[in-house]
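Novice: Got a structure here, written out as structure tokens. Questions coming.
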Amino acid sequence: MSNTEDLFKKIVSHSKEFGFIFQSSEIYDEGLASVYDYGQLGAELKKNLQNYWWRAMTQLHENVTGIDAAILMHPKTWKASGHVDSFNDPLIDNKDSKKRYRADVLLEDQIARYQKKGKDRNAEELRVALADCLNNNDLNGLQQLIIDHEIACPFSGTRNWTDVRQFNLMFSTQMSATADSGAGELYLRPETAQGIFVNFLNVQKTGGMRIPFGIAQIGKAFRNEIVARQFLFRMREFEQMEMQFFVRKGEEMKWFEYWKNQRMNWIKSLGIPEEKLRWKKHDKLAHYANAAEDIEYEFPFGFKEIEGIHSRTDFDLSRHQEFSGKKIQYFDNEINQNYVPYVVETSAGSDRIFFMLLCNSYKEEKVVDGEKEKIRKYLRLHPALAPVKAAIFPLVNKDGLPETGRKIMDELKYEFRVFYDERDSIGKRYAKQDLAGTPFCFTVDHQTLQDETVTVRHRDDTRQERLKIGTLADFLREKVEIKGLLKSLNV
């Protein structure tokens, strides 16, 4: 097993063992595939992450505001957006294993194998050929590439493939009134952006917004992925953090570069090393875009997209204007003109960034304990994002130490997410909080009863210091408040 494969398995195991991520409905036949539940620590970490994104977008930028649109939308929405006709994946079946695959993913995996073997020329030739097939929607070409490069099914080991065909990724559903009236099929939204576009006029008019301005949203989306894999990276139910920024035609590339810079700075502020990040231009542009680049992070299984920045032109608003019959335009006083704005989009996968944080923060270090060498494991999460900000421990469960610990807990809990524990040895309690990513532990000991100080243990370097009980709230405010992260963005 390679080090990267080993790391991936450790993170998946750690996520379940310490209450970050659970398989959805796991008690029933091992659960629902590619759908996950956030556990007690995972829910806190995800909320902290999303709160940081929301405040960075809507609080630091005076011309960006937020909404929360419904998941269910009028069926004409998805016809206008192109999802009914174009939101497809090229699929292929192996006749022996009965397994279904995305043809482009099989070919991308082959490119990765070529690169791993040092066959860079083969990898580049296949990458170019794959891009050509995808750009031209050439299904026969995709199948021929699979045949030419002798790609076999990972399960059966055979090359007994069906033809490649398209499969729409939207989940359909019904609402009784809609079904009775024959108005058309409803869908669970495959993206959150359309909820912003159909509310463009509502937000612009009620908020008195002037171009350029943006509308941000965090919300669930659903895609009937056939090849959902790699833990949180590709799921059927996921959450997006998106912002649509409306600009004049001709100024979109200026704002495209601006938001590229803003979003990369935000990702780095999470503590992600620069060498773990890169930009990737799209080989194939979406039907609505005139520019698109992704921020990719180096996961244990390679560089993969965590956020996309797209220049969507005026496609979305123009299409909704056409299909709704309503005028969706902006009157620009500065140039005395009505027009359909262009849009620059930032679209981040909340779950993918959560996964990135777990991968980046998981640490294993050799430490010497007496005469023995052992491995210390911990999550090096930024204190502002950590699920629990501080744990409070009485050194022993007697002599009035638990009562003092509870008093500290009761003082801090109204402002911070804190945790109290009086079980096990102090070493085991420290180790458990390290694995939860808790940045600080406050230990109440017999000296506390004499001078009202506690031992403060720092997670990252295990350094210890003593602080007065009355200063603990100020200490945490300085260390864990999200204000420090926001200021680091220099917006």
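Just so we're on the same page: first chain in the structure tokens is A, next is B, and so on; residues restart at 1 for each chain, and ligands are numbered from 1 in the order they show up.
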Which residues are close to Ile272 (chain A), i.e. within 9 Å by only C-alpha atoms, leaving aside same-chain residues fewer than 5 positions away? Reply as a PyMOL selection string.
Specialist: chain A and resi 267+277+297+356-357+360-361
Novice: Limited to N, CA, C and O atoms, could you put the picked residues into a file as a tab-separated table (two decimals), in the first residue's frame?
Specialist:
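Contents of result-v3.tsv, as written:
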```
chain	number	residue	atom	x	y	z
A	267	ILE	N	-8.67	30.36	0.38
A	267	ILE	CA	-8.26	28.96	0.56
A	267	ILE	C	-6.95	28.88	1.34
A	267	ILE	O	-6.81	28.08	2.28
A	277	LEU	N	-1.63	23.55	-3.75
A	277	LEU	CA	-2.69	24.18	-4.54
A	277	LEU	C	-2.18	24.52	-5.93
A	277	LEU	O	-0.99	24.79	-6.13
A	297	TYR	N	-6.66	21.06	-5.19
A	297	TYR	CA	-5.87	20.70	-4.01
A	297	TYR	C	-5.33	19.29	-4.20
A	297	TYR	O	-5.99	18.43	-4.79
A	356	MET	N	-10.74	18.57	2.37
A	356	MET	CA	-9.40	19.13	2.24
A	356	MET	C	-8.82	19.50	3.61
A	356	MET	O	-7.64	19.23	3.90
A	357	LEU	N	-9.64	20.09	4.47
A	357	LEU	CA	-9.19	20.45	5.81
A	357	LEU	C	-8.77	19.22	6.61
A	357	LEU	O	-7.75	19.24	7.31
A	360	ASN	N	-5.42	18.00	5.17
A	360	ASN	CA	-4.32	18.91	5.45
A	360	ASN	C	-3.95	18.95	6.92
A	360	ASN	O	-2.79	19.15	7.29
A	361	SER	N	-4.94	18.75	7.79
A	361	SER	CA	-4.70	18.92	9.22
A	361	SER	C	-4.27	17.64	9.92
A	361	SER	O	-3.74	17.70	11.04
```
Novice: What's around region 378-386 of chain A at 10 Å? Count only C-alpha atoms, leave out sequence neighbours fewer than 6 positions away in its own chain, and write the answer as a CSV table (one decimal) with N, CA, C and O atoms, in the first residue's frame.
Specialist:
```
chain,number,residue,atom,x,y,z
A,41,LEU,N,-18.8,16.3,15.7
A,41,LEU,CA,-17.6,17.2,15.5
A,41,LEU,C,-17.7,17.7,14.0
A,41,LEU,O,-17.3,18.8,13.8
A,42,GLY,N,-18.1,16.8,13.1
A,42,GLY,CA,-18.2,17.3,11.7
A,42,GLY,C,-19.1,18.4,11.5
A,42,GLY,O,-18.9,19.3,10.7
A,44,GLU,N,-20.0,20.7,13.6
A,44,GLU,CA,-19.4,21.9,14.1
A,44,GLU,C,-18.4,22.5,13.2
A,44,GLU,O,-18.4,23.7,12.9
A,45,LEU,N,-17.5,21.6,12.7
A,45,LEU,CA,-16.5,22.1,11.8
A,45,LEU,C,-17.0,22.6,10.5
A,45,LEU,O,-16.6,23.7,10.0
A,46,LYS,N,-18.1,22.0,10.0
A,46,LYS,CA,-18.7,22.4,8.7
A,46,LYS,C,-19.4,23.8,8.9
A,46,LYS,O,-19.3,24.7,8.1
A,47,LYS,N,-20.1,24.0,10.1
A,47,LYS,CA,-20.7,25.2,10.3
A,47,LYS,C,-19.7,26.4,10.5
A,47,LYS,O,-19.9,27.5,10.0
A,48,ASN,N,-18.6,26.1,11.1
A,48,ASN,CA,-17.5,27.1,11.3
A,48,ASN,C,-16.9,27.5,9.9
A,48,ASN,O,-16.7,28.7,9.7
A,49,LEU,N,-16.7,26.5,9.1
A,49,LEU,CA,-16.2,26.7,7.8
A,49,LEU,C,-17.1,27.6,6.9
A,49,LEU,O,-16.7,28.5,6.3
A,50,GLN,N,-18.4,27.2,6.9
A,50,GLN,CA,-19.4,27.9,6.2
A,50,GLN,C,-19.6,29.4,6.7
A,50,GLN,O,-19.8,30.3,5.9
A,51,ASN,N,-19.5,29.5,8.0
A,51,ASN,CA,-19.7,30.8,8.6
A,51,ASN,C,-18.5,31.7,8.2
A,51,ASN,O,-18.7,32.9,7.9
A,52,TYR,N,-17.3,31.2,8.1
A,52,TYR,CA,-16.2,31.9,7.6
A,52,TYR,C,-16.3,32.3,6.2
A,52,TYR,O,-16.1,33.5,5.8
A,269,SER,N,-5.8,31.0,3.4
A,269,SER,CA,-6.0,31.4,4.8
A,269,SER,C,-6.4,30.3,5.7
A,269,SER,O,-6.3,30.4,7.0
A,270,LEU,N,-6.9,29.2,5.2
A,270,LEU,CA,-7.3,28.0,6.0
A,270,LEU,C,-6.1,27.3,6.5
A,270,LEU,O,-6.3,26.3,7.2
A,271,GLY,N,-4.9,27.7,6.0
A,271,GLY,CA,-3.7,27.0,6.5
A,271,GLY,C,-3.2,26.0,5.4
A,271,GLY,O,-2.4,25.1,5.7
A,357,LEU,N,-9.6,20.1,4.5
A,357,LEU,CA,-9.2,20.5,5.8
A,357,LEU,C,-8.8,19.2,6.6
A,357,LEU,O,-7.7,19.2,7.3
A,358,LEU,N,-9.5,18.1,6.5
A,358,LEU,CA,-9.2,16.9,7.2
A,358,LEU,C,-7.8,16.4,6.7
A,358,LEU,O,-7.0,16.0,7.5
A,359,CYS,N,-7.7,16.4,5.4
A,359,CYS,CA,-6.4,15.8,4.8
A,359,CYS,C,-5.3,16.7,5.2
A,359,CYS,O,-4.2,16.2,5.5
A,360,ASN,N,-5.4,18.0,5.2
A,360,ASN,CA,-4.3,18.9,5.4
A,360,ASN,C,-4.0,18.9,6.9
A,360,ASN,O,-2.8,19.2,7.3
A,361,SER,N,-4.9,18.7,7.8
A,361,SER,CA,-4.7,18.9,9.2
A,361,SER,C,-4.3,17.6,9.9
A,361,SER,O,-3.7,17.7,11.0
A,362,TYR,N,-4.5,16.5,9.3
A,362,TYR,CA,-4.1,15.2,9.9
A,362,TYR,C,-2.6,15.1,10.0
A,362,TYR,O,-1.9,15.1,9.0
A,363,LYS,N,-2.1,15.0,11.2
A,363,LYS,CA,-0.6,14.9,11.4
A,363,LYS,C,-0.2,13.7,12.2
A,363,LYS,O,-0.9,13.3,13.2
A,364,GLU,N,0.9,13.1,11.8
A,364,GLU,CA,1.5,12.0,12.6
A,364,GLU,C,3.0,12.4,12.8
A,364,GLU,O,3.7,12.6,11.9
A,365,GLU,N,3.4,12.5,14.1
A,365,GLU,CA,4.7,12.9,14.4
A,365,GLU,C,5.4,12.0,15.4
A,365,GLU,O,4.7,11.5,16.3
A,417,ARG,N,-17.6,27.2,22.2
A,417,ARG,CA,-17.9,25.8,22.2
A,417,ARG,C,-16.8,25.1,23.0
A,417,ARG,O,-15.7,24.9,22.6
A,431,ALA,N,-4.8,13.3,24.5
A,431,ALA,CA,-4.7,12.6,23.2
A,431,ALA,C,-6.0,12.6,22.4
A,431,ALA,O,-6.1,12.8,21.2
A,432,LYS,N,-7.1,12.4,23.2
A,432,LYS,CA,-8.4,12.4,22.5
A,432,LYS,C,-8.8,13.8,21.9
A,432,LYS,O,-9.3,13.9,20.8
A,433,GLN,N,-8.4,14.8,22.7
A,433,GLN,CA,-8.7,16.2,22.2
A,433,GLN,C,-7.8,16.5,21.0
A,433,GLN,O,-8.2,17.3,20.1
A,434,ASP,N,-6.6,16.0,21.0
A,434,ASP,CA,-5.7,16.2,19.9
A,434,ASP,C,-6.3,15.7,18.6
A,434,ASP,O,-6.3,16.3,17.5
A,435,LEU,N,-6.9,14.5,18.7
A,435,LEU,CA,-7.5,13.8,17.6
A,435,LEU,C,-8.8,14.5,17.1
A,435,LEU,O,-9.3,14.3,16.0
A,436,ALA,N,-9.4,15.3,18.0
A,436,ALA,CA,-10.6,16.0,17.7
A,436,ALA,C,-10.3,17.4,17.1
A,436,ALA,O,-11.2,18.1,16.6
A,437,GLY,N,-9.0,17.8,17.2
A,437,GLY,CA,-8.6,19.1,16.7
A,437,GLY,C,-8.8,20.2,17.7
A,437,GLY,O,-8.6,21.4,17.3
A,438,THR,N,-9.0,19.9,19.0
A,438,THR,CA,-9.2,21.0,20.0
A,438,THR,C,-7.9,21.7,20.2
A,438,THR,O,-6.9,21.0,20.6
A,439,PRO,N,-7.9,23.0,20.0
A,439,PRO,CA,-6.6,23.7,20.1
A,439,PRO,C,-6.0,23.9,21.5
A,439,PRO,O,-4.8,24.0,21.7
A,440,PHE,N,-6.9,23.9,22.6
A,440,PHE,CA,-6.4,24.2,23.9
A,440,PHE,C,-7.1,23.3,24.9
A,440,PHE,O,-8.3,23.0,24.8
A,459,ARG,N,-2.3,22.5,21.7
A,459,ARG,CA,-2.3,21.3,20.9
A,459,ARG,C,-1.1,21.1,20.0
A,459,ARG,O,-0.6,20.0,19.9
A,460,ASP,N,-0.7,22.1,19.2
A,460,ASP,CA,0.2,21.9,18.1
A,460,ASP,C,1.6,21.5,18.6
A,460,ASP,O,2.3,20.7,18.0
A,476,LEU,N,-9.1,33.1,24.9
A,476,LEU,CA,-9.8,32.4,23.8
A,476,LEU,C,-10.3,33.4,22.7
A,476,LEU,O,-10.2,33.1,21.5
A,477,ARG,N,-10.7,34.5,23.1
A,477,ARG,CA,-11.2,35.5,22.2
A,477,ARG,C,-10.0,35.9,21.2
A,477,ARG,O,-10.2,36.0,20.0
A,478,GLU,N,-8.9,36.0,21.7
A,478,GLU,CA,-7.7,36.4,20.9
A,478,GLU,C,-7.3,35.2,20.0
A,478,GLU,O,-6.9,35.5,18.8
A,479,LYS,N,-7.4,34.0,20.4
A,479,LYS,CA,-6.9,32.9,19.7
A,479,LYS,C,-7.9,32.3,18.7
A,479,LYS,O,-7.6,31.8,17.6
A,480,VAL,N,-9.2,32.2,19.1
A,480,VAL,CA,-10.2,31.4,18.3
A,480,VAL,C,-11.2,32.2,17.6
A,480,VAL,O,-12.0,31.6,16.8
A,481,GLU,N,-11.4,33.5,17.8
A,481,GLU,CA,-12.4,34.2,17.1
A,481,GLU,C,-12.1,34.3,15.6
A,481,GLU,O,-11.0,34.5,15.2
A,482,ILE,N,-13.1,34.3,14.8
A,482,ILE,CA,-13.0,34.3,13.4
A,482,ILE,C,-12.5,35.6,12.8
A,482,ILE,O,-12.1,35.7,11.7
A,483,LYS,N,-12.6,36.6,13.7
A,483,LYS,CA,-12.1,38.0,13.2
A,483,LYS,C,-10.7,38.0,12.8
A,483,LYS,O,-10.3,38.6,11.8
A,484,GLY,N,-9.9,37.2,13.4
A,484,GLY,CA,-8.5,37.1,13.0
A,484,GLY,C,-8.3,36.5,11.6
A,484,GLY,O,-7.5,37.0,10.8
A,485,LEU,N,-9.1,35.5,11.3
A,485,LEU,CA,-9.0,34.9,10.0
A,485,LEU,C,-9.5,35.9,8.9
A,485,LEU,O,-8.9,36.1,7.9
```
Novice: Using DSSP on the backbone coordinates, identify the residues of region 312-408 of chain A assigned to alpha helix (DSSP H); present them as a PyMOL selection string.
Specialist: chain A and resi 315-324+350-361+401-408
Novice: Considering only C-alpha atoms, can you say which of A:Ile218, A:Ile392, A:Val105, A:Met57 comes closest to Ile71 (chain A)?
Specialist: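 Checking each candidate against Ile71 (chain A), we get A:Ile218 as the closest.
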Novice: I'd like the contact shell of Val343 (chain A) - 7 Å cut-off, only C-alpha atoms, skipping same-chain residues fewer than 3 positions apart - returned as a VMD selection string.
Specialist: chain A and resid 244 to 247 311 to 314
Novice: If you keep N, CA, C and O atoms, can you produce a file of those selected residues as a PDB file, in the first residue's frame?
Specialist:
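What landed in part_11.pdb:
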```pdb
ATOM      1  N   GLN A 244     -22.594  34.699  -7.227  1.00  0.00           N
ATOM      2  CA  GLN A 244     -22.727  35.186  -8.588  1.00  0.00           C
ATOM      3  C   GLN A 244     -22.543  36.704  -8.562  1.00  0.00           C
ATOM      4  O   GLN A 244     -23.269  37.415  -7.868  1.00  0.00           O
ATOM      5  N   PHE A 245     -21.566  37.187  -9.329  1.00  0.00           N
ATOM      6  CA  PHE A 245     -21.193  38.604  -9.316  1.00  0.00           C
ATOM      7  C   PHE A 245     -21.575  39.221 -10.659  1.00  0.00           C
ATOM      8  O   PHE A 245     -21.091  38.809 -11.716  1.00  0.00           O
ATOM      9  N   PHE A 246     -22.469  40.206 -10.629  1.00  0.00           N
ATOM     10  CA  PHE A 246     -23.061  40.779 -11.834  1.00  0.00           C
ATOM     11  C   PHE A 246     -22.294  42.036 -12.252  1.00  0.00           C
ATOM     12  O   PHE A 246     -22.089  42.946 -11.451  1.00  0.00           O
ATOM     13  N   VAL A 247     -21.884  42.053 -13.540  1.00  0.00           N
ATOM     14  CA  VAL A 247     -21.009  43.118 -14.033  1.00  0.00           C
ATOM     15  C   VAL A 247     -21.470  43.581 -15.419  1.00  0.00           C
ATOM     16  O   VAL A 247     -22.302  42.947 -16.062  1.00  0.00           O
ATOM     17  N   SER A 311     -16.541  32.664 -15.781  1.00  0.00           N
ATOM     18  CA  SER A 311     -17.188  33.816 -16.404  1.00  0.00           C
ATOM     19  C   SER A 311     -18.341  33.271 -17.240  1.00  0.00           C
ATOM     20  O   SER A 311     -18.136  32.664 -18.293  1.00  0.00           O
ATOM     21  N   ARG A 312     -19.575  33.500 -16.758  1.00  0.00           N
ATOM     22  CA  ARG A 312     -20.749  32.839 -17.334  1.00  0.00           C
ATOM     23  C   ARG A 312     -21.430  33.674 -18.416  1.00  0.00           C
ATOM     24  O   ARG A 312     -22.498  33.295 -18.902  1.00  0.00           O
ATOM     25  N   THR A 313     -20.852  34.803 -18.794  1.00  0.00           N
ATOM     26  CA  THR A 313     -21.448  35.754 -19.748  1.00  0.00           C
ATOM     27  C   THR A 313     -22.863  36.144 -19.288  1.00  0.00           C
ATOM     28  O   THR A 313     -23.152  36.144 -18.096  1.00  0.00           O
ATOM     29  N   ASP A 314     -23.745  36.433 -20.227  1.00  0.00           N
ATOM     30  CA  ASP A 314     -25.131  36.793 -19.876  1.00  0.00           C
ATOM     31  C   ASP A 314     -26.081  35.633 -20.139  1.00  0.00           C
ATOM     32  O   ASP A 314     -27.305  35.826 -20.216  1.00  0.00           O
TER      33      ASP A 314
END
```
Novice: Go through A:Asn265, A:Gln337, A:Thr192, A:Gln23 and flag the residue nearest Arg248 (chain A), using only C-alpha atoms for the distances.
Specialist: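 Checking each of A:Asn265, A:Gln337, A:Thr192, A:Gln23 against Arg248 (chain A), counting only C-alpha atoms, the winner is A:Gln337.
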Novice: Which polymer residues have any atom within 12 Å of an atom of Ser172 (chain A), counting only C-alpha atoms, with same-chain residues fewer than 3 positions away left out, as an MDAnalysis selection string?
Specialist: chainID A and resid 72:73 75 78 84 168:169 175 184:190 222:224
Novice: With C-alpha atoms kept, could you save the residues just selected as a short mmCIF file (atom, residue, chain, number, x, y, z; two decimals), in the first residue's frame?
Specialist:
```cif
data_model
loop_
_atom_site.label_atom_id
_atom_site.label_comp_id
_atom_site.auth_asym_id
_atom_site.auth_seq_id
_atom_site.Cartn_x
_atom_site.Cartn_y
_atom_site.Cartn_z
CA LEU A 72 -37.44 22.94 -5.39
CA MET A 73 -37.88 25.27 -8.35
CA PRO A 75 -39.47 22.94 -13.86
CA TRP A 78 -33.98 23.69 -15.60
CA VAL A 84 -32.72 19.16 -19.01
CA ASN A 168 -28.92 12.91 -17.21
CA LEU A 169 -27.70 13.56 -13.67
CA MET A 175 -45.32 17.60 -6.25
CA GLY A 184 -43.94 19.04 -15.91
CA GLU A 185 -41.45 17.10 -13.83
CA LEU A 186 -39.84 18.65 -10.77
CA TYR A 187 -36.18 18.17 -9.96
CA LEU A 188 -34.01 18.38 -6.90
CA ARG A 189 -31.70 21.21 -7.87
CA PRO A 190 -28.33 20.04 -9.26
CA PHE A 222 -28.23 16.80 -5.69
CA ARG A 223 -26.70 14.87 -8.58
CA ASN A 224 -27.41 11.30 -9.57
#
```
Novice: Would you work out the distance separating CA of Arg100 (chain A) from CA of Ile147 (chain A), expressed in Å to one decimal?
Specialist: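 These two atoms are separated by 16.1 Å.
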Novice: For each of A:Asp104, A:Glu373, A:Asp96, A:Glu242, take the minimum atom-to-atom distance to Trp54 (chain A), counting only C-alpha atoms, then give the residue where this is smallest.
Specialist: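 Going through A:Asp104, A:Glu373, A:Asp96, A:Glu242 one by one, the smallest distance to Trp54 (chain A) is for A:Glu242.
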Novice: Taking into account only C-alpha atoms, which residue in the set A:Phe200, A:Trp279, A:His310, A:Asp85 is nearest to Ile295 (chain A)?
Specialist: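 Checking each candidate against Ile295 (chain A), we get A:Trp279 as the closest.
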Novice: Could you name the residues that touch Arg234 (chain A) at 12 Å or less, counting only C-alpha atoms, but leaving out those on the same chain fewer than 3 positions away, as a PDB file with N, CA and C atoms, in the first residue's frame?
Specialist:
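Resulting contents of around27.pdb:
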```pdb
ATOM      1  N   ALA A  33     -25.118   4.349  -0.456  1.00  0.00           N
ATOM      2  CA  ALA A  33     -23.817   4.616  -1.067  1.00  0.00           C
ATOM      3  C   ALA A  33     -23.662   6.073  -1.469  1.00  0.00           C
ATOM      4  N   SER A  34     -22.484   6.607  -1.192  1.00  0.00           N
ATOM      5  CA  SER A  34     -22.091   7.965  -1.611  1.00  0.00           C
ATOM      6  C   SER A  34     -22.978   9.057  -1.022  1.00  0.00           C
ATOM      7  N   VAL A  35     -23.566   8.774   0.137  1.00  0.00           N
ATOM      8  CA  VAL A  35     -24.311   9.783   0.905  1.00  0.00           C
ATOM      9  C   VAL A  35     -23.798   9.687   2.336  1.00  0.00           C
ATOM     10  N   TYR A  36     -23.489  10.836   2.928  1.00  0.00           N
ATOM     11  CA  TYR A  36     -22.849  10.837   4.239  1.00  0.00           C
ATOM     12  C   TYR A  36     -23.545  11.782   5.207  1.00  0.00           C
ATOM     13  N   PHE A 222     -28.077  18.240  -5.550  1.00  0.00           N
ATOM     14  CA  PHE A 222     -28.225  16.799  -5.692  1.00  0.00           C
ATOM     15  C   PHE A 222     -27.887  16.387  -7.121  1.00  0.00           C
ATOM     16  N   ARG A 223     -27.043  15.385  -7.253  1.00  0.00           N
ATOM     17  CA  ARG A 223     -26.700  14.874  -8.580  1.00  0.00           C
ATOM     18  C   ARG A 223     -26.675  13.350  -8.534  1.00  0.00           C
ATOM     19  N   ASN A 224     -27.316  12.751  -9.511  1.00  0.00           N
ATOM     20  CA  ASN A 224     -27.405  11.296  -9.569  1.00  0.00           C
ATOM     21  C   ASN A 224     -26.136  10.723 -10.203  1.00  0.00           C
ATOM     22  N   GLU A 225     -25.013  10.932  -9.480  1.00  0.00           N
ATOM     23  CA  GLU A 225     -23.712  10.498  -9.967  1.00  0.00           C
ATOM     24  C   GLU A 225     -23.657   8.968 -10.071  1.00  0.00           C
ATOM     25  N   ILE A 226     -23.201   8.492 -11.199  1.00  0.00           N
ATOM     26  CA  ILE A 226     -22.992   7.057 -11.359  1.00  0.00           C
ATOM     27  C   ILE A 226     -21.671   6.657 -10.724  1.00  0.00           C
ATOM     28  N   VAL A 227     -20.649   7.466 -10.941  1.00  0.00           N
ATOM     29  CA  VAL A 227     -19.338   7.172 -10.367  1.00  0.00           C
ATOM     30  C   VAL A 227     -19.097   8.119  -9.193  1.00  0.00           C
ATOM     31  N   ALA A 228     -19.850   7.918  -8.127  1.00  0.00           N
ATOM     32  CA  ALA A 228     -19.620   8.662  -6.893  1.00  0.00           C
ATOM     33  C   ALA A 228     -18.584   7.895  -6.094  1.00  0.00           C
ATOM     34  N   ARG A 229     -17.484   8.550  -5.740  1.00  0.00           N
ATOM     35  CA  ARG A 229     -16.385   7.821  -5.123  1.00  0.00           C
ATOM     36  C   ARG A 229     -15.477   8.769  -4.358  1.00  0.00           C
ATOM     37  N   GLN A 230     -14.433   8.205  -3.763  1.00  0.00           N
ATOM     38  CA  GLN A 230     -13.400   8.953  -3.053  1.00  0.00           C
ATOM     39  C   GLN A 230     -13.982   9.761  -1.895  1.00  0.00           C
ATOM     40  N   PHE A 231     -14.797   9.047  -1.100  1.00  0.00           N
ATOM     41  CA  PHE A 231     -15.318   9.588   0.157  1.00  0.00           C
ATOM     42  C   PHE A 231     -16.135  10.854  -0.111  1.00  0.00           C
ATOM     43  N   GLU A 237     -25.505  13.802  -2.667  1.00  0.00           N
ATOM     44  CA  GLU A 237     -26.091  14.942  -1.951  1.00  0.00           C
ATOM     45  C   GLU A 237     -24.936  15.726  -1.349  1.00  0.00           C
ATOM     46  N   PHE A 238     -24.836  16.991  -1.706  1.00  0.00           N
ATOM     47  CA  PHE A 238     -23.683  17.777  -1.283  1.00  0.00           C
ATOM     48  C   PHE A 238     -24.115  19.229  -1.077  1.00  0.00           C
ATOM     49  N   GLU A 239     -23.171  20.052  -0.631  1.00  0.00           N
ATOM     50  CA  GLU A 239     -23.485  21.443  -0.328  1.00  0.00           C
ATOM     51  C   GLU A 239     -22.495  22.352  -1.054  1.00  0.00           C
ATOM     52  N   LYS A 304      -7.245  17.563  -7.290  1.00  0.00           N
ATOM     53  CA  LYS A 304      -8.653  17.556  -7.675  1.00  0.00           C
ATOM     54  C   LYS A 304      -9.277  18.919  -7.355  1.00  0.00           C
ATOM     55  N   GLU A 305     -10.343  19.239  -8.088  1.00  0.00           N
ATOM     56  CA  GLU A 305     -11.001  20.533  -7.955  1.00  0.00           C
ATOM     57  C   GLU A 305     -11.694  20.692  -6.593  1.00  0.00           C
ATOM     58  N   ILE A 306     -11.512  21.870  -5.994  1.00  0.00           N
ATOM     59  CA  ILE A 306     -12.266  22.229  -4.795  1.00  0.00           C
ATOM     60  C   ILE A 306     -13.139  23.465  -5.027  1.00  0.00           C
ATOM     61  N   GLY A 349     -17.132  23.756  -3.352  1.00  0.00           N
ATOM     62  CA  GLY A 349     -17.786  22.606  -2.744  1.00  0.00           C
ATOM     63  C   GLY A 349     -17.516  22.597  -1.250  1.00  0.00           C
ATOM     64  N   SER A 350     -18.538  22.823  -0.459  1.00  0.00           N
ATOM     65  CA  SER A 350     -18.375  22.859   0.993  1.00  0.00           C
ATOM     66  C   SER A 350     -17.821  21.545   1.523  1.00  0.00           C
ATOM     67  N   ASP A 351     -18.326  20.431   1.013  1.00  0.00           N
ATOM     68  CA  ASP A 351     -17.883  19.117   1.480  1.00  0.00           C
ATOM     69  C   ASP A 351     -16.436  18.832   1.053  1.00  0.00           C
ATOM     70  N   ARG A 352     -16.092  19.265  -0.158  1.00  0.00           N
ATOM     71  CA  ARG A 352     -14.725  19.049  -0.634  1.00  0.00           C
ATOM     72  C   ARG A 352     -13.724  19.867   0.184  1.00  0.00           C
ATOM     73  N   ILE A 353     -14.090  21.089   0.522  1.00  0.00           N
ATOM     74  CA  ILE A 353     -13.184  21.919   1.327  1.00  0.00           C
ATOM     75  C   ILE A 353     -13.084  21.349   2.738  1.00  0.00           C
ATOM     76  N   PHE A 355     -13.284  18.167   3.411  1.00  0.00           N
ATOM     77  CA  PHE A 355     -12.406  17.018   3.207  1.00  0.00           C
ATOM     78  C   PHE A 355     -10.952  17.473   3.091  1.00  0.00           C
TER      79      PHE A 355
END
```
Novice: Taking only C-alpha atoms into account, which of A:Asp474, A:Arg102, A:Ala291, A:Met235 comes nearest Glu252 (chain A)?
Specialist: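 Using only C-alpha atoms, the shortest distance to Glu252 (chain A) belongs to A:Ala291.
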